[in-house]
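One structure is given below, encoded as structure tokens.
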Amino acid sequence: MATVELTFSALPAHVRTARLVATAIARRTGVAEALLDEVRLAVGEACSRAVEAHRVHCPGEPIRIEIRDDSGRFEVTVTDSAPNDDIQSSTGTANGLVAAGTSADWMFGIVPEMPGLGIAVIAGLADDVEVSPGPTGVRIRMSWPAATPNGVPAR
């Protein structure tokens with residue numbers, strides 16, 4: 001099990017770096033070549049959403065990314081620190097993107113006029129997605145199949 005942690009300031013230019021790092025680690029972990037574009041796009045979408053939330057609410061706070069390879073899975077978690085005063089404790093998932101009690105549409109999409117678009121895109125790209133909003137930020141965990149124990153990429 002290897003873990004890579006990356007933090008970056010809320011600047012759109014850093015989203016590209018996060019995508020490149022995640023894609024390089026996904027390739028090394030054994031994620032199928034056909035899934036690498038999905039990894040790149042999903043990580044970019046999650047990071048862009050976090051950058052926008054930070055730019056509005058806490059531009060001086062860093063965005064955190066954790067990349068892991070566990071048990072045949074490649075996992076990326078993007079966590080922001082934007083305050084969510086109007087969010088009750090809840091969890092959204094790829095199957096039910098916004099759980100009951102969640103009222104902050106802006107956190108689920110980059111474009112306020114299109115709430116939920118960012119998470120919907122991520123859910124369509126990642127094999128498994130978990131969105132965990134809280135009073136001090138949002139955590140988006142995405143995962144894809146990686147190499148099996150014998151080194152053969154999972155499909």
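Ordering of the structure tokens sets the chain letters (A, B, ...), residue numbers begin anew at 1 in every chain, and ligands are numbered from 1 in the order given.
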Contacts of Ala42 of chain A at 8 Å (only C-alpha atoms; same-chain gap of 3+ positions) as a list in words: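 Non-adjacent residues within range: Glu38, Val39, Glu45, Ala46, Val121, Ile122, Leu125 and Ala126 of chain A.
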Residue set, segment 18-91 of chain A restricted to helix (DSSP H, G or I), as JSON, numbers by chain: {"A": [18, 19, 20, 21, 22, 23, 24, 25, 26, 27, 28, 29, 33, 34, 35, 36, 37, 38, 39, 40, 41, 42, 43, 44, 45, 46, 47, 48, 49, 50, 51, 52, 53, 54, 55, 56, 57]}
Separation of atom CA of Val51 of chain A from atom CA of Gly118 of chain A, in Å and rounded to one decimal: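 So the two atoms, atom CA of Val51 of chain A and atom CA of Gly118 of chain A, lie 12.4 Å apart.
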Residues at most 7 Å from Ile63 of chain A, counting only C-alpha atoms, excluding those fewer than 2 positions away in the same chain, as an mmCIF file with C-alpha atoms, in the first residue's frame?
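Done, and the output landed in around39.cif:
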data_model
loop_
_atom_site.group_PDB
_atom_site.id
_atom_site.type_symbol
_atom_site.label_atom_id
_atom_site.label_comp_id
_atom_site.auth_asym_id
_atom_site.auth_seq_id
_atom_site.Cartn_x
_atom_site.Cartn_y
_atom_site.Cartn_z
ATOM 1 C CA THR A 7 -1.502 19.991 -1.295
ATOM 2 C CA PHE A 8 -1.840 22.991 -3.552
ATOM 3 C CA SER A 9 -3.127 26.543 -3.406
ATOM 4 C CA ALA A 10 -6.466 27.439 -4.975
ATOM 5 C CA ALA A 50 -12.374 22.555 -4.910
ATOM 6 C CA GLU A 61 -6.240 27.561 2.445
ATOM 7 C CA ILE A 65 -5.261 15.271 -2.461
ATOM 8 C CA THR A 79 -10.570 17.433 0.161
ATOM 9 C CA ASP A 80 -11.311 21.122 0.349
ATOM 10 C CA SER A 81 -11.541 23.382 3.395
#
Contacts of Arg27 of chain A at 12 Å (only C-alpha atoms; same-chain gap of 4+ positions) as a PyMOL selection string: chain A and resi 20-23+31-37+39-40+69+74+144-147+153
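If you look at atom CA of Val78 of chain A and atom CA of Val43 of chain A, they are 7.9 Å away from each other.
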